[in-house]
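First comes the structure, then the notes that go with it.
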Amino acid sequence: MTTSFEKTPGWLDWYAGPTRPAFRVPEGAVDAHCHVFGPGAVFPFAPERKYTPCDASKDQLFELRDHLGFTRSVVVQATCHGADNSAMVDALRSSGGLARGVATVRPDVSDAELAELHEAGVRGVRFNFVKRLVDAAPRRDLREIAERIAPHGWHVVVYFEAADLAGLRDFFLSIPVPLVVDHMGRPDVTKDPYGPEFGAFLDFMRARPDIWCKVTCPERLSVSGPPALDGERSAYR
């Protein structure tokens, strides 16, 4: 199957010449959040997607993993692929046991499909509430999914903007499996870290002992840092 996709203007292309960080990650370190995009000609992007990235294949991911010094990866289903987990599962199966996955599934997913995802290395599902990326599914459907994955010992990853947490908190706390918060809950870094918004996030994190937070993607939150390209080693002064 050959399909042509045009990248969304403003989205960065794959950067072919990354430097190796001076900081060495600990032995056995895990990259806890990464994606594969396509290649679109092999794994087409979802018709309902809200962005089209450049291709970023499993081979490029594994090369970058090794370049940065990580041992394992958690490959998270990219929203541009919708609920077709084929590209992510292909990466897991090709990783030699060095990757686990977080899938996107719909309420009508079959028990056989869940078992197949588990066998491939999937250990969680992602619920996305970031409006610029997806149209969030009804909460009733998401709770049904959480109940379906519980027997597998999976977790739920929740992705949301800080300003939306107040309206989501009770729903999140009702989910009957461990929770993992994506990208630090996307705080507004122009606000006081000792103020009420970040305080509400900390209160949410303390509400249950099985809520975890990925400290990832600070560059998406920065309002001042330039792109660290072309050998720039101190972009975030």
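Within each chain, counting starts at residue 1; across the structure tokens, chains are named A, B, ... in the order shown, with ligands numbered 1 upward in that order.
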Chain A: residues DSSP assigns to helix (DSSP H, G or I), reported as a ChimeraX atom specification:
/A:58-68,79-81,86-93,111-120,139-152,162-174,182-185,196-206,218-221
Using only C-alpha atoms: which of A:Thr52, A:Ser95, A:Ser224, A:Thr8 has the shortest distance to Thr71 of chain A: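 Distance minimum relative to Thr71 of chain A lands on A:Ser95.
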At a cut-off of 12 Å, using only C-alpha atoms, what residues contact Phe172 of chain A? Leave out same-chain residues fewer than 3 positions from it and give the result as a PyMOL selection string. chain A and resi 127-129+139+142-143+146+156-160+164-169+175-181+204-205+207-208+210-211
Taking only C-alpha atoms into account, name the residue in A:Val109, A:Leu114, A:Arg93, A:His33 that is nearest to Val74 of chain A.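 Nearest to Val74 of chain A: A:His33.
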Correct to one decimal, the distance atom CA of His155 of chain A-atom CA of Gly101 of chain A is 11.0 Å
note - atom CA of Cys34 of chain A and atom CA of Pro47 of chain A are separated by 21.9 Å
Pick out the residues sitting within 8 Å of Ala32 of chain A, and hand them over as an MDAnalysis selection string; count only C-alpha atoms, and ignore anything fewer than 3 positions along from it in its own chain.
chainID A and resid 73:75 214
**Asked** Quick one: distance from atom CA of Arg106 of chain A to atom CA of Phe5 of chain A in Å, one decimal?
**Response**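 Atom CA of Phe5 of chain A lies 24.9 Å from atom CA of Arg106 of chain A.
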DSSP on the backbone, then: every residue of segment 175-214 of chain A marked strand (DSSP E), written as a PyMOL selection string. chain A and resi 179-181+211-213
- Selected residue, from A:Gly10, A:Asp135, A:Phe171, A:Arg100, that lies nearest to Glu48 of chain A when counting only C-alpha atoms: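 Smallest separation from Glu48 of chain A among the options: A:Asp135.
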Subject >> Residue neighbourhood Arg132 of chain A, 12 Å, only C-alpha atoms, exclusion window fewer than 5 positions, as a list of chain:residue names >> reply: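 The contact residues come out as A:Arg49, A:Lys50, A:Tyr51, A:Thr79, A:Cys80, A:Tyr159, A:Phe160, A:Glu161.
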Keeping only C-alpha atoms, write the selected residues as a PDB file, in the first residue's frame.
ATOM      1  CA  ARG A  49      -6.019  13.061  12.935  1.00  0.00           C
ATOM      2  CA  LYS A  50      -5.494  16.731  13.794  1.00  0.00           C
ATOM      3  CA  TYR A  51      -1.860  16.842  12.650  1.00  0.00           C
ATOM      4  CA  THR A  79      -2.638  10.436  18.287  1.00  0.00           C
ATOM      5  CA  CYS A  80      -2.033  10.790  14.541  1.00  0.00           C
ATOM      6  CA  TYR A 159      -2.853  13.536  28.968  1.00  0.00           C
ATOM      7  CA  PHE A 160      -4.450  16.899  29.777  1.00  0.00           C
ATOM      8  CA  GLU A 161      -3.790  20.617  30.082  1.00  0.00           C
TER       9      GLU A 161
END
Item to check | Close residues, Glu6 of chain A itself excluded, 12 Å, only C-alpha atoms, min 2 positions apart in chain, as number ranges by chain | outcome: A: 3-4, 8-11, 13, 40-41, 44-45, 51-55
Atoms kept (N, CA, C and O atoms) for selection, written as a short mmCIF file (atom, residue, chain, number, x, y, z; two decimals), in the first residue's frame:
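Result saved to again_25.cif:
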data_model
loop_
_atom_site.label_atom_id
_atom_site.label_comp_id
_atom_site.auth_asym_id
_atom_site.auth_seq_id
_atom_site.Cartn_x
_atom_site.Cartn_y
_atom_site.Cartn_z
N THR A 3 0.71 5.38 0.21
CA THR A 3 -0.13 6.52 0.55
C THR A 3 0.75 7.74 0.73
O THR A 3 1.82 7.67 1.32
N SER A 4 0.30 8.88 0.21
CA SER A 4 1.07 10.11 0.31
C SER A 4 0.45 11.00 1.39
O SER A 4 -0.76 11.17 1.44
N THR A 8 2.03 18.62 8.37
CA THR A 8 1.41 19.85 8.85
C THR A 8 2.46 20.96 8.93
O THR A 8 3.53 20.76 9.50
N PRO A 9 2.19 22.14 8.35
CA PRO A 9 3.16 23.24 8.43
C PRO A 9 3.50 23.58 9.88
O PRO A 9 2.63 23.62 10.75
N GLY A 10 4.78 23.79 10.13
CA GLY A 10 5.23 24.15 11.47
C GLY A 10 5.72 22.99 12.30
O GLY A 10 6.41 23.20 13.31
N TRP A 11 5.38 21.77 11.90
CA TRP A 11 5.89 20.61 12.64
C TRP A 11 7.32 20.33 12.19
O TRP A 11 7.64 20.34 11.01
N ASP A 13 10.77 18.54 11.19
CA ASP A 13 11.18 17.31 10.55
C ASP A 13 12.08 16.53 11.50
O ASP A 13 12.60 17.06 12.49
N GLY A 40 4.28 6.55 6.89
CA GLY A 40 2.90 6.65 6.44
C GLY A 40 2.56 5.75 5.28
O GLY A 40 1.41 5.33 5.13
N ALA A 41 3.55 5.42 4.45
CA ALA A 41 3.28 4.53 3.32
C ALA A 41 3.04 3.10 3.77
O ALA A 41 2.43 2.31 3.05
N PRO A 44 -0.51 3.86 7.56
CA PRO A 44 -1.17 5.14 7.25
C PRO A 44 -1.66 5.85 8.52
O PRO A 44 -2.08 5.23 9.48
N PHE A 45 -1.59 7.18 8.47
CA PHE A 45 -2.10 7.99 9.57
C PHE A 45 -3.63 7.99 9.54
O PHE A 45 -4.25 7.79 8.51
N TYR A 51 -3.17 16.41 13.15
CA TYR A 51 -1.86 16.84 12.65
C TYR A 51 -1.26 15.69 11.86
O TYR A 51 -1.63 14.53 12.03
N THR A 52 -0.34 16.05 10.97
CA THR A 52 0.40 15.04 10.21
C THR A 52 1.89 15.29 10.43
O THR A 52 2.40 16.34 10.01
N PRO A 53 2.59 14.39 11.10
CA PRO A 53 4.03 14.58 11.34
C PRO A 53 4.84 14.07 10.15
O PRO A 53 4.30 13.50 9.20
N CYS A 54 6.15 14.27 10.23
CA CYS A 54 7.02 13.57 9.29
C CYS A 54 7.14 12.12 9.74
O CYS A 54 6.83 11.77 10.88
N ASP A 55 7.57 11.25 8.83
CA ASP A 55 7.82 9.87 9.21
C ASP A 55 8.94 9.81 10.25
O ASP A 55 9.94 10.53 10.15
#
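Proximity to His118 of chain A at 9 Å, evaluated using only C-alpha atoms and with sequence-adjacent residues fewer than 6 positions away removed, yields Gly101, Gly124, His152 and Trp154 of chain A.
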Could you save those same residues with N, CA and C atoms as a PDB file, in the first residue's frame?
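Everything below was put into selection05.pdb:
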ATOM      1  N   GLY A 101       4.635  -0.978  25.433  1.00  0.00           N
ATOM      2  CA  GLY A 101       3.800  -0.043  24.715  1.00  0.00           C
ATOM      3  C   GLY A 101       2.609   0.441  25.506  1.00  0.00           C
ATOM      4  N   GLY A 124      -0.468  -0.622  28.886  1.00  0.00           N
ATOM      5  CA  GLY A 124      -1.330   0.476  29.300  1.00  0.00           C
ATOM      6  C   GLY A 124      -2.088   1.046  28.119  1.00  0.00           C
ATOM      7  N   HIS A 152      -5.690  -7.379  33.009  1.00  0.00           N
ATOM      8  CA  HIS A 152      -4.361  -7.555  32.423  1.00  0.00           C
ATOM      9  C   HIS A 152      -3.269  -6.890  33.257  1.00  0.00           C
ATOM     10  N   TRP A 154      -2.853  -3.642  33.490  1.00  0.00           N
ATOM     11  CA  TRP A 154      -2.393  -2.456  32.779  1.00  0.00           C
ATOM     12  C   TRP A 154      -2.669  -1.188  33.589  1.00  0.00           C
TER      13      TRP A 154
END
